[in-house]
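J.: Following this line is final_4.csv, made up of CSV, C-alpha atoms:
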chain,number,residue,atom,x,y,z
E,1,MET,CA,37.7,-115.1,-10.5
E,2,PHE,CA,34.2,-115.8,-9.1
E,3,THR,CA,34.6,-119.5,-8.5
E,4,ALA,CA,37.4,-119.6,-5.9
E,5,SER,CA,34.7,-120.2,-3.2
E,6,PHE,CA,30.9,-120.3,-2.9
E,7,GLY,CA,31.1,-117.0,-1.0
E,8,ILE,CA,32.7,-115.1,-3.8
E,9,PHE,CA,30.3,-116.7,-6.3
E,10,LEU,CA,27.4,-115.6,-4.2
E,11,PHE,CA,28.9,-112.1,-3.9
E,12,GLY,CA,29.1,-111.9,-7.7
E,13,LEU,CA,25.6,-113.3,-8.2
E,14,ILE,CA,24.1,-110.6,-5.9
E,15,ALA,CA,26.0,-107.9,-7.8
E,16,ALA,CA,24.8,-109.3,-11.1
E,17,ALA,CA,21.2,-109.1,-9.8
E,18,ALA,CA,21.8,-105.4,-9.3
E,19,GLY,CA,23.7,-105.0,-12.6
E,20,GLY,CA,21.0,-106.6,-14.7
E,21,ALA,CA,18.4,-104.3,-13.0
E,22,LEU,CA,20.6,-101.3,-13.6
E,23,GLY,CA,20.8,-102.2,-17.3
E,24,ALA,CA,17.0,-102.4,-17.5
E,25,ALA,CA,16.5,-99.2,-15.6
E,26,ILE,CA,18.9,-97.0,-17.6
E,27,GLY,CA,18.6,-98.9,-20.9
E,28,GLY,CA,21.0,-101.5,-22.3
E,29,ASN,CA,22.8,-99.2,-24.6
E,30,TYR,CA,23.4,-96.7,-21.8
E,31,ALA,CA,24.8,-99.5,-19.7
E,32,PHE,CA,27.1,-100.5,-22.6
E,33,GLY,CA,28.4,-97.0,-22.9
E,34,PHE,CA,29.2,-97.1,-19.2
E,35,THR,CA,31.1,-100.4,-19.8
E,36,GLY,CA,33.3,-98.3,-22.1
E,37,LEU,CA,33.9,-95.7,-19.3
E,38,MET,CA,34.6,-98.5,-16.8
E,39,ILE,CA,37.3,-99.9,-19.2
E,40,LEU,CA,38.9,-96.5,-19.4
E,41,ALA,CA,38.9,-96.3,-15.7
E,42,ALA,CA,40.4,-99.8,-15.5
E,43,PHE,CA,43.4,-98.7,-17.5
E,44,GLY,CA,43.9,-95.9,-15.1
E,45,VAL,CA,43.8,-98.3,-12.1
E,46,LEU,CA,46.2,-100.6,-14.0
E,47,ALA,CA,48.6,-97.9,-14.7
E,48,ALA,CA,48.5,-96.5,-11.1
E,49,THR,CA,48.5,-99.8,-9.2
E,50,GLY,CA,49.5,-102.6,-11.6
E,51,SER,CA,46.2,-104.4,-10.7
E,52,ASP,CA,43.7,-105.6,-13.3
E,53,VAL,CA,40.9,-106.1,-10.7
E,54,TRP,CA,38.8,-103.3,-12.3
E,55,PHE,CA,38.7,-105.1,-15.6
E,56,ASN,CA,37.7,-108.4,-14.1
E,57,TYR,CA,35.3,-107.3,-11.4
E,58,VAL,CA,33.8,-104.1,-12.7
E,59,ALA,CA,34.1,-103.5,-16.5
E,60,PHE,CA,33.7,-107.1,-17.5
E,61,GLY,CA,32.3,-108.4,-14.2
E,62,PRO,CA,28.8,-108.5,-12.6
E,63,PHE,CA,28.6,-104.7,-12.3
E,64,PHE,CA,28.9,-103.4,-15.9
E,65,GLY,CA,29.8,-106.5,-17.9
E,66,PRO,CA,27.7,-106.5,-21.1
E,67,HIS,CA,26.6,-110.1,-20.3
E,68,VAL,CA,25.0,-108.7,-17.2
E,69,ALA,CA,24.0,-105.1,-17.6
E,70,PHE,CA,23.4,-104.8,-21.4
E,71,ALA,CA,21.9,-108.3,-21.6
E,72,GLY,CA,19.6,-107.6,-18.7
E,73,GLY,CA,18.5,-104.3,-20.3
E,74,ALA,CA,17.9,-106.1,-23.7
E,75,ALA,CA,15.8,-108.9,-22.1
E,76,ALA,CA,13.8,-106.4,-20.0
E,77,ALA,CA,13.0,-104.5,-23.2
E,78,ALA,CA,11.7,-107.7,-24.9
E,79,TYR,CA,9.6,-108.5,-21.8
E,80,ALA,CA,8.1,-105.0,-21.6
E,81,ALA,CA,7.1,-105.1,-25.3
E,82,ASN,CA,5.6,-108.6,-25.0
E,83,ALA,CA,3.7,-107.6,-21.9
E,84,LYS,CA,2.4,-104.4,-23.5
E,85,HIS,CA,4.1,-102.3,-20.8
E,86,TYR,CA,5.1,-99.7,-23.2
E,87,LYS,CA,1.7,-98.2,-22.9
E,88,VAL,CA,2.9,-95.8,-20.2
E,89,PRO,CA,0.4,-94.9,-17.5
E,90,ASN,CA,1.7,-91.4,-17.0
E,91,ALA,CA,-0.9,-89.0,-18.4
E,92,HIS,CA,1.7,-86.6,-19.9
E,93,LEU,CA,3.2,-89.3,-22.1
E,94,ALA,CA,1.4,-90.4,-25.2
E,95,ASP,CA,1.9,-94.0,-26.4
E,96,SER,CA,3.9,-92.7,-29.4
E,97,ASP,CA,6.4,-91.1,-27.0
E,98,VAL,CA,7.8,-94.6,-26.1
E,99,PRO,CA,9.0,-97.1,-28.6
E,100,GLN,CA,6.7,-100.1,-29.0
E,101,THR,CA,9.3,-102.7,-29.8
E,102,GLY,CA,11.5,-105.0,-27.9
E,103,LYS,CA,14.4,-104.1,-30.2
E,104,ASP,CA,14.9,-100.7,-28.6
E,105,VAL,CA,17.7,-101.3,-26.1
E,106,SER,CA,18.3,-97.5,-25.6
E,107,GLU,CA,15.1,-96.8,-23.8
E,108,PRO,CA,15.5,-96.3,-20.0
E,109,LEU,CA,12.9,-98.7,-18.8
E,110,ALA,CA,12.6,-97.1,-15.3
E,111,ARG,CA,10.2,-94.6,-16.9
E,112,LEU,CA,7.6,-97.4,-17.4
E,113,ASN,CA,7.0,-97.5,-13.6
E,114,ARG,CA,6.9,-101.3,-13.7
E,115,PRO,CA,9.0,-103.1,-11.1
E,116,ASP,CA,8.5,-106.4,-12.9
E,117,VAL,CA,10.5,-105.0,-15.9
E,118,LEU,CA,13.4,-104.3,-13.6
E,119,LEU,CA,13.1,-107.7,-12.0
E,120,VAL,CA,13.3,-109.4,-15.5
E,121,GLY,CA,16.6,-107.4,-16.1
E,122,SER,CA,17.8,-108.6,-12.7
E,123,LEU,CA,17.0,-112.3,-13.5
E,124,PHE,CA,18.8,-112.1,-16.9
E,125,GLY,CA,21.7,-110.4,-15.2
E,126,MET,CA,22.1,-113.3,-12.8
E,127,ALA,CA,21.7,-115.8,-15.6
E,128,GLY,CA,24.3,-114.0,-17.7
E,129,TYR,CA,26.7,-114.1,-14.8
E,130,ALA,CA,26.2,-117.8,-14.3
E,131,VAL,CA,26.3,-118.7,-18.0
E,132,LYS,CA,29.5,-116.9,-18.6
E,133,ILE,CA,31.2,-118.8,-15.7
E,134,GLY,CA,29.9,-122.0,-17.2
E,135,ILE,CA,31.3,-121.2,-20.7
E,136,ASP,CA,34.6,-120.1,-19.1
E,137,ASN,CA,35.0,-123.7,-17.8
E,138,ILE,CA,34.3,-125.4,-21.1
E,139,PRO,CA,37.6,-127.0,-22.3
E,140,TRP,CA,39.2,-125.1,-25.2
E,141,LEU,CA,36.2,-123.0,-26.0
E,142,GLY,CA,36.3,-121.1,-22.7
E,143,SER,CA,39.9,-119.9,-23.4
E,144,HIS,CA,39.4,-119.4,-27.2
E,145,THR,CA,36.4,-117.2,-27.5
E,146,ASP,CA,34.9,-114.1,-26.0
E,147,THR,CA,32.7,-115.6,-23.3
E,148,VAL,CA,31.1,-112.2,-22.6
E,149,ALA,CA,29.9,-111.8,-26.2
E,150,LEU,CA,28.8,-115.5,-26.4
E,151,THR,CA,26.8,-115.0,-23.2
E,152,VAL,CA,25.1,-111.9,-24.7
E,153,ILE,CA,24.0,-114.0,-27.7
E,154,ILE,CA,22.7,-116.8,-25.5
E,155,SER,CA,20.8,-114.3,-23.4
E,156,GLY,CA,19.3,-112.6,-26.5
E,157,ILE,CA,18.2,-115.9,-27.9
E,158,ALA,CA,16.6,-116.9,-24.6
E,159,ALA,CA,14.8,-113.6,-24.4
E,160,ARG,CA,13.4,-114.0,-27.9
E,161,LEU,CA,12.2,-117.5,-27.2
E,162,ALA,CA,10.6,-116.4,-23.9
E,163,PHE,CA,9.1,-113.1,-25.0
E,164,GLY,CA,9.4,-112.6,-28.8
E,165,GLY,CA,8.4,-115.8,-30.6
E,166,SER,CA,10.5,-118.0,-32.8
E,167,LEU,CA,14.2,-117.5,-33.4
E,168,MET,CA,13.8,-116.7,-37.1
E,169,ASN,CA,10.4,-115.5,-38.1
E,170,PRO,CA,9.8,-116.5,-41.8
E,171,GLU,CA,7.0,-113.9,-42.1
E,172,LYS,CA,9.7,-111.2,-42.0
E,173,TYR,CA,11.5,-112.5,-45.1
E,174,ASN,CA,11.2,-110.4,-48.2
E,175,ALA,CA,8.1,-111.6,-50.2
E,176,GLY,CA,8.8,-112.6,-53.7
E,177,ALA,CA,12.6,-113.0,-53.2
E,178,THR,CA,14.1,-115.9,-55.2
E,179,SER,CA,17.5,-116.3,-53.4
E,180,PHE,CA,18.3,-116.7,-49.7
E,181,PHE,CA,20.3,-113.4,-49.5
E,182,GLU,CA,17.4,-111.6,-51.2
E,183,LYS,CA,15.0,-113.0,-48.6
E,184,ILE,CA,17.1,-111.8,-45.7
E,185,ALA,CA,18.0,-108.4,-47.2
E,186,PRO,CA,17.1,-105.5,-45.0
E,187,ASN,CA,14.0,-103.4,-45.8
E,188,ALA,CA,12.2,-100.4,-44.4
E,189,GLU,CA,10.5,-102.4,-41.6
E,190,ASN,CA,13.3,-104.9,-40.8
E,191,ALA,CA,16.8,-103.5,-40.6
E,192,TRP,CA,19.6,-102.8,-38.1
E,193,LEU,CA,21.6,-99.7,-39.2
E,194,ARG,CA,20.5,-98.5,-42.6
E,195,TYR,CA,23.5,-96.1,-43.0
E,196,GLN,CA,26.1,-98.9,-42.7
E,197,GLU,CA,24.4,-101.9,-44.2
E,198,ARG,CA,26.1,-101.6,-47.7
E,199,PRO,CA,29.3,-103.6,-48.1
E,200,SER,CA,31.2,-100.7,-49.3
E,201,GLN,CA,30.3,-98.8,-46.2
E,202,PHE,CA,30.9,-101.4,-43.5
E,203,ILE,CA,34.0,-102.7,-45.1
E,204,THR,CA,35.5,-99.2,-45.2
E,205,ILE,CA,34.6,-98.6,-41.6
E,206,GLY,CA,36.0,-102.0,-40.6
E,207,VAL,CA,39.3,-101.5,-42.4
E,208,LEU,CA,39.9,-98.0,-41.2
E,209,PHE,CA,38.7,-98.4,-37.6
E,210,GLY,CA,40.4,-101.8,-37.5
E,211,MET,CA,43.8,-100.3,-38.5
E,212,ALA,CA,43.4,-97.6,-35.9
E,213,ALA,CA,42.6,-100.3,-33.3
E,214,GLY,CA,45.5,-102.4,-34.3
E,215,ALA,CA,48.0,-99.6,-34.1
E,216,VAL,CA,46.7,-98.4,-30.7
E,217,SER,CA,46.8,-102.0,-29.3
E,218,ILE,CA,50.4,-102.5,-30.4
E,219,ALA,CA,51.4,-99.1,-29.0
E,220,ILE,CA,49.9,-99.6,-25.6
E,221,SER,CA,51.1,-103.2,-25.4
E,222,THR,CA,54.6,-101.8,-25.0
E,223,ILE,CA,53.6,-100.5,-21.6
E,224,ASP,CA,54.3,-103.1,-18.9
E,225,GLY,CA,51.2,-105.1,-18.0
E,226,PHE,CA,49.0,-103.6,-20.7
E,227,ALA,CA,49.3,-106.3,-23.4
E,228,ALA,CA,46.8,-108.6,-21.8
E,229,TRP,CA,44.1,-105.9,-22.1
E,230,ALA,CA,45.3,-103.8,-25.0
E,231,GLN,CA,42.5,-104.6,-27.4
E,232,THR,CA,39.9,-103.4,-24.9
E,233,LEU,CA,41.1,-99.8,-25.1
E,234,PRO,CA,39.9,-99.2,-28.7
E,235,PHE,CA,36.8,-101.3,-27.8
E,236,ALA,CA,36.1,-98.9,-24.9
E,237,MET,CA,36.4,-95.9,-27.1
E,238,SER,CA,34.0,-97.5,-29.6
E,239,ALA,CA,31.6,-98.3,-26.7
E,240,VAL,CA,31.6,-94.7,-25.5
E,241,VAL,CA,30.5,-93.6,-29.1
E,242,ILE,CA,27.2,-95.4,-28.4
E,243,PHE,CA,26.2,-92.5,-26.1
E,244,TRP,CA,26.0,-90.3,-29.2
E,245,LEU,CA,24.1,-93.0,-31.1
E,246,ILE,CA,21.5,-93.0,-28.3
E,247,LEU,CA,21.2,-89.2,-28.6
E,248,GLY,CA,20.2,-89.6,-32.3
E,249,HIS,CA,23.4,-89.1,-34.1
E,250,GLN,CA,24.1,-91.7,-36.8
E,251,MET,CA,27.4,-92.8,-35.4
E,252,PRO,CA,29.3,-95.8,-36.8
E,253,VAL,CA,28.8,-98.9,-34.6
E,254,GLN,CA,32.1,-100.6,-34.8
E,255,HIS,CA,33.2,-101.9,-31.4
E,256,HIS,CA,33.1,-105.4,-32.9
E,257,ALA,CA,35.7,-104.3,-35.4
E,258,THR,CA,38.0,-102.5,-33.0
E,259,ILE,CA,38.2,-105.3,-30.4
E,260,ILE,CA,38.8,-108.0,-33.0
E,261,ALA,CA,41.4,-105.9,-34.9
E,262,GLY,CA,43.1,-105.1,-31.6
E,263,LEU,CA,43.1,-108.7,-30.5
E,264,PHE,CA,44.5,-109.8,-33.9
E,265,ALA,CA,47.3,-107.2,-33.6
E,266,VAL,CA,48.3,-108.2,-30.1
E,267,LYS,CA,48.3,-112.0,-30.9
E,268,PHE,CA,49.8,-112.0,-34.4
E,269,PHE,CA,52.4,-109.3,-34.2
E,270,PRO,CA,54.9,-111.4,-32.2
E,271,ILE,CA,54.2,-114.3,-34.5
E,272,LEU,CA,54.9,-112.2,-37.6
E,273,VAL,CA,58.1,-110.9,-36.0
E,274,GLY,CA,59.3,-114.5,-35.4
E,275,GLY,CA,62.1,-115.7,-33.2
E,276,SER,CA,62.1,-117.5,-30.0
E,277,GLU,CA,61.5,-114.5,-27.7
E,278,PHE,CA,59.6,-111.2,-28.0
E,279,ASN,CA,59.9,-108.2,-25.8
E,280,TRP,CA,56.9,-105.7,-25.9
E,281,GLN,CA,59.0,-103.2,-24.0
E,282,GLY,CA,61.7,-103.4,-26.6
E,283,ALA,CA,60.0,-100.7,-28.7
E,284,TRP,CA,61.5,-98.0,-26.7
E,285,LEU,CA,64.9,-99.5,-25.9
E,286,ASP,CA,68.1,-98.0,-27.4
E,287,ALA,CA,69.1,-99.6,-30.7
E,288,GLY,CA,71.4,-102.5,-30.1
E,289,ALA,CA,70.1,-103.2,-26.6
E,290,ALA,CA,68.9,-106.7,-25.9
E,291,GLY,CA,65.3,-107.1,-27.1
E,292,ALA,CA,65.2,-103.7,-28.8
E,293,TRP,CA,62.9,-103.5,-31.9
E,294,ASP,CA,64.8,-103.1,-35.1
E,295,SER,CA,63.6,-101.8,-38.5
E,296,ASN,CA,62.3,-105.3,-39.5
E,297,THR,CA,60.2,-105.4,-36.3
E,298,TRP,CA,58.6,-102.1,-37.0
E,299,MET,CA,58.0,-103.2,-40.6
E,300,MET,CA,56.1,-106.2,-39.2
E,301,ALA,CA,54.2,-103.8,-37.0
E,302,ALA,CA,53.0,-101.9,-40.1
E,303,VAL,CA,52.0,-105.2,-41.8
E,304,THR,CA,50.1,-106.2,-38.7
E,305,VAL,CA,48.2,-103.0,-38.7
E,306,LEU,CA,47.1,-103.5,-42.3
E,307,LEU,CA,46.0,-107.1,-41.5
E,308,ALA,CA,44.2,-105.8,-38.4
E,309,GLY,CA,42.1,-103.7,-40.8
E,310,VAL,CA,41.2,-106.9,-42.7
E,311,ALA,CA,40.2,-108.5,-39.4
E,312,GLY,CA,38.0,-105.5,-38.6
E,313,ALA,CA,36.3,-105.6,-42.0
E,314,PHE,CA,35.6,-109.3,-41.5
E,315,SER,CA,34.0,-108.7,-38.1
E,316,MET,CA,31.9,-105.9,-39.6
E,317,ALA,CA,30.7,-108.2,-42.3
E,318,LEU,CA,29.9,-110.9,-39.9
E,319,ALA,CA,27.8,-108.5,-37.8
E,320,GLU,CA,25.8,-107.4,-40.8
E,321,LEU,CA,25.1,-111.0,-41.8
E,322,SER,CA,24.0,-111.7,-38.2
E,323,ALA,CA,21.7,-108.7,-38.3
E,324,ARG,CA,20.0,-110.0,-41.4
E,325,LEU,CA,19.7,-113.5,-40.1
E,326,PHE,CA,18.6,-112.8,-36.5
E,327,TYR,CA,18.1,-109.1,-35.6
E,328,ASP,CA,16.0,-108.3,-38.6
E,329,ARG,CA,13.9,-111.5,-38.3
E,330,GLY,CA,12.7,-111.0,-34.8
E,331,ASN,CA,11.0,-108.7,-32.3
E,332,ASN,CA,13.8,-108.4,-29.8
E,333,HIS,CA,17.5,-107.5,-29.8
E,334,ILE,CA,19.9,-110.3,-30.7
E,335,ASP,CA,23.1,-108.3,-30.8
E,336,PRO,CA,24.9,-108.4,-34.1
E,337,PRO,CA,28.2,-107.1,-32.8
E,338,ALA,CA,28.3,-109.8,-30.0
E,339,MET,CA,27.7,-112.5,-32.6
E,340,ALA,CA,30.6,-111.2,-34.7
E,341,ILE,CA,32.9,-110.9,-31.6
E,342,TRP,CA,32.5,-114.4,-30.3
E,343,ILE,CA,32.9,-116.0,-33.7
E,344,SER,CA,35.8,-113.8,-34.8
E,345,THR,CA,37.6,-114.3,-31.4
E,346,ILE,CA,37.5,-118.1,-32.0
E,347,LEU,CA,39.1,-117.6,-35.4
E,348,VAL,CA,41.8,-115.2,-34.1
E,349,LEU,CA,42.8,-117.2,-31.0
E,350,GLY,CA,42.3,-120.5,-32.7
E,351,GLY,CA,44.4,-119.3,-35.7
E,352,ALA,CA,47.2,-117.9,-33.4
E,353,SER,CA,47.4,-121.2,-31.5
E,354,LEU,CA,48.4,-123.0,-34.8
E,355,PHE,CA,51.7,-121.1,-34.9
E,356,ASN,CA,54.8,-121.1,-32.7
E,357,THR,CA,54.3,-118.1,-30.5
E,358,PRO,CA,57.5,-116.5,-29.3
E,359,THR,CA,58.1,-116.5,-25.5
E,360,LEU,CA,57.1,-113.1,-24.2
E,361,VAL,CA,59.8,-111.5,-22.0
E,362,SER,CA,60.1,-108.2,-20.3
Re-express the file's structure as structure tokens.
T.:
Amino acid sequence: MFTASFGIFLFGLIAAAAGGALGAAIGGNYAFGFTGLMILAAFGVLAATGSDVWFNYVAFGPFFGPHVAFAGGAAAAAYAANAKHYKVPNAHLADSDVPQTGKDVSEPLARLNRPDVLLVGSLFGMAGYAVKIGIDNIPWLGSHTDTVALTVIISGIAARLAFGGSLMNPEKYNAGATSFFEKIAPNAENAWLRYQERPSQFITIGVLFGMAAGAVSIAISTIDGFAAWAQTLPFAMSAVVIFWLILGHQMPVQHHATIIAGLFAVKFFPILVGGSEFNWQGAWLDAGAAGAWDSNTWMMAAVTVLLAGVAGAFSMALAELSARLFYDRGNNHIDPPAMAIWISTILVLGGASLFNTPTLVS
């Protein structure tokens, strides 16, 4: 996309400089919410024109791609906390009015009145743009993982090492714990989302939201041209939910479950159906027509939805483990959902590649 020529690479790099600064100015989580809105807009463009340019260049590109805008905002927050910039000079704002931690990726950092904070976001936005392109070109890995999510993780680790100390701070382990899992258990000072840290809670959320995402992804894949992006629709809906989280509502954070469950459904449904060919548009053909879905195909769709719930629960568990290992143990935001997404994507795409996938026809 951005490597066809030096000119288009430079175009994207300049856009990423602005995108990273935007994420810092409005806050990383606000930028991520806008990613969700841009994905919804991309589906509208795809339906109207047949072009996926909005996905590649806007929603997941250098404008609102999480590896640019969200990562830039998160890095700027870490920098601002490390540089003590959260002591706002405005007389009408007390120090307590602004979070004093680099983990807060919801805070719009423009209010700090510090251009250097925005420039850090800009630099990390450009770095995210370049790193993603680099990962895209790694043999096998570039086509078998979510390179956006992996770039977000690399950016978060770089920000921690630059602005927040060591990767895993042992002083944040639970004192007196005898086992490793007791040492990394969340506590009042070091936790991600207290209301969804229990296994019974995050597994339930993962299964139910995962099944919903799997069903939605299968349904919209039957629209011509939508299968390649189907899993991003439930992801977009989950991303928009973040707006309400920012406003103080304890909403379920589950975009890492919905995108993985949707991806699992799209990749494994044709495999479970079997045969040499598979027609997504066959769902709505008259019975008996070539490629039409029969009762067995719909049964496999139901099975796929159930399995998508399992995939969603797995991704939720992976995110919570990541939070306990990295997010809780540091002073900046290393994104638990992004960690779950890039690892789970490898498992889904790598697993699917082990099977004989039917030829997709239309």
J.: Taking into account all atoms listed in the file, which residue in the set E:Ala21, E:Ser106, E:Gly73, E:Glu320 is nearest to E:Ser122?
T.: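 Nearest candidate to E:Ser122 out of E:Ala21, E:Ser106, E:Gly73, E:Glu320: E:Ala21.
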J.: Nearest to E:Ala162: which of E:Tyr129, E:Phe11, E:Trp342, E:Phe124 is it, counting all atoms listed in the file?
T.: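 Looking only at the distances to E:Ala162, the closest residue turns out to be E:Phe124.
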J.: Just want the 10 Å neighbourhood of stretch 278-292 of chain E, counted on all atoms listed in the file, with same-chain residues fewer than 4 positions away dropped. Output as JSON, numbers by chain.
T.: {"E": [218, 219, 220, 221, 222, 223, 224, 225, 226, 227, 266, 269, 270, 271, 273, 274, 297, 298, 357, 358, 359, 360, 361, 362]}
J.: Determine, for each residue of stretch 217-294 of chain E having at least one atom at most 12 Å from an atom of stretch 186-199 of chain E, the closest pair of atoms and their separation in Å to one decimal, counting all atoms listed in the file; order by chain and ascending number, as a tab-separated table.
T.:
residue	atom	partner	partner_atom	distance
E:Leu245	CA	E:Leu193	CA	10.8
E:His249	CA	E:Tyr195	CA	11.3
E:Gln250	CA	E:Tyr195	CA	7.6
E:Met251	CA	E:Tyr195	CA	9.2
E:Pro252	CA	E:Gln196	CA	7.4
E:Val253	CA	E:Gln196	CA	8.5
E:Gln254	CA	E:Gln196	CA	10.1
J.: Please provide as a list of chain:residue names all residues within 12 Å of E:Val45, with the sequence filter that same-chain residues fewer than 5 positions apart are discarded (counting only C-alpha atoms).
T.: E:Met38, E:Ile39, E:Leu40, E:Gly50, E:Ser51, E:Asp52, E:Val53, E:Trp54, E:Phe55, E:Asn56, E:Val58, E:Ala59, E:Gly225, E:Phe226
J.: Using only C-alpha atoms, which protein or nucleic acid residues come within 9 Å of E:Ala215? Drop anything in the same chain fewer than 3 positions from it, and give the result as a PyMOL selection string.
T.: chain E and resi 210-212+218-220+262+265+301-302+304-305+308
J.: Which one is closest to E:Glu171: E:Glu107, E:Asn356, E:Arg329, E:Val348? Count all atoms listed in the file.
T.: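 The shortest atom-to-atom distance to E:Glu171 comes from E:Arg329.
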J.: Could you check which of E:Gly121, E:Gly128, E:Gly350, E:Gly142 is closest to E:Phe60, using all atoms listed in the file?
T.: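 Result for the nearest residue to E:Phe60: E:Gly128.
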J.: Taking into account all atoms listed in the file, which residue in the set E:Thr145, E:Val310, E:Phe326, E:Ala228 is nearest to E:Ser344?
T.: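 Closest to E:Ser344 of all the choices is E:Thr145.
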J.: Atom CA of E:Ala319 and atom CA of E:Asn332 are how many Å apart?
T.: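 Between atom CA of E:Ala319 and atom CA of E:Asn332 the gap is 16.1 Å.
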J.: Under the rule that all atoms listed in the file are counted, which of E:Phe209, E:Trp244, E:Phe2, E:Phe235 is the nearest residue to E:Ala311?
T.: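 Looking at the shortest contact to E:Ala311, the residue is E:Phe209.
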J.: I'd like the interatomic distance between atom CA of E:Met339 and atom CA of E:Ala18, to a tenth of an Å.
T.: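 Going from atom CA of E:Met339 over to atom CA of E:Ala18, I get 25.1 Å.
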J.: So the first atom is atom CA of E:Ala77 and the second is atom CA of E:Val105; what is the distance between them in Å, to one decimal place?
T.: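 About the pair atom CA of E:Ala77 and atom CA of E:Val105: they are 6.4 Å apart.
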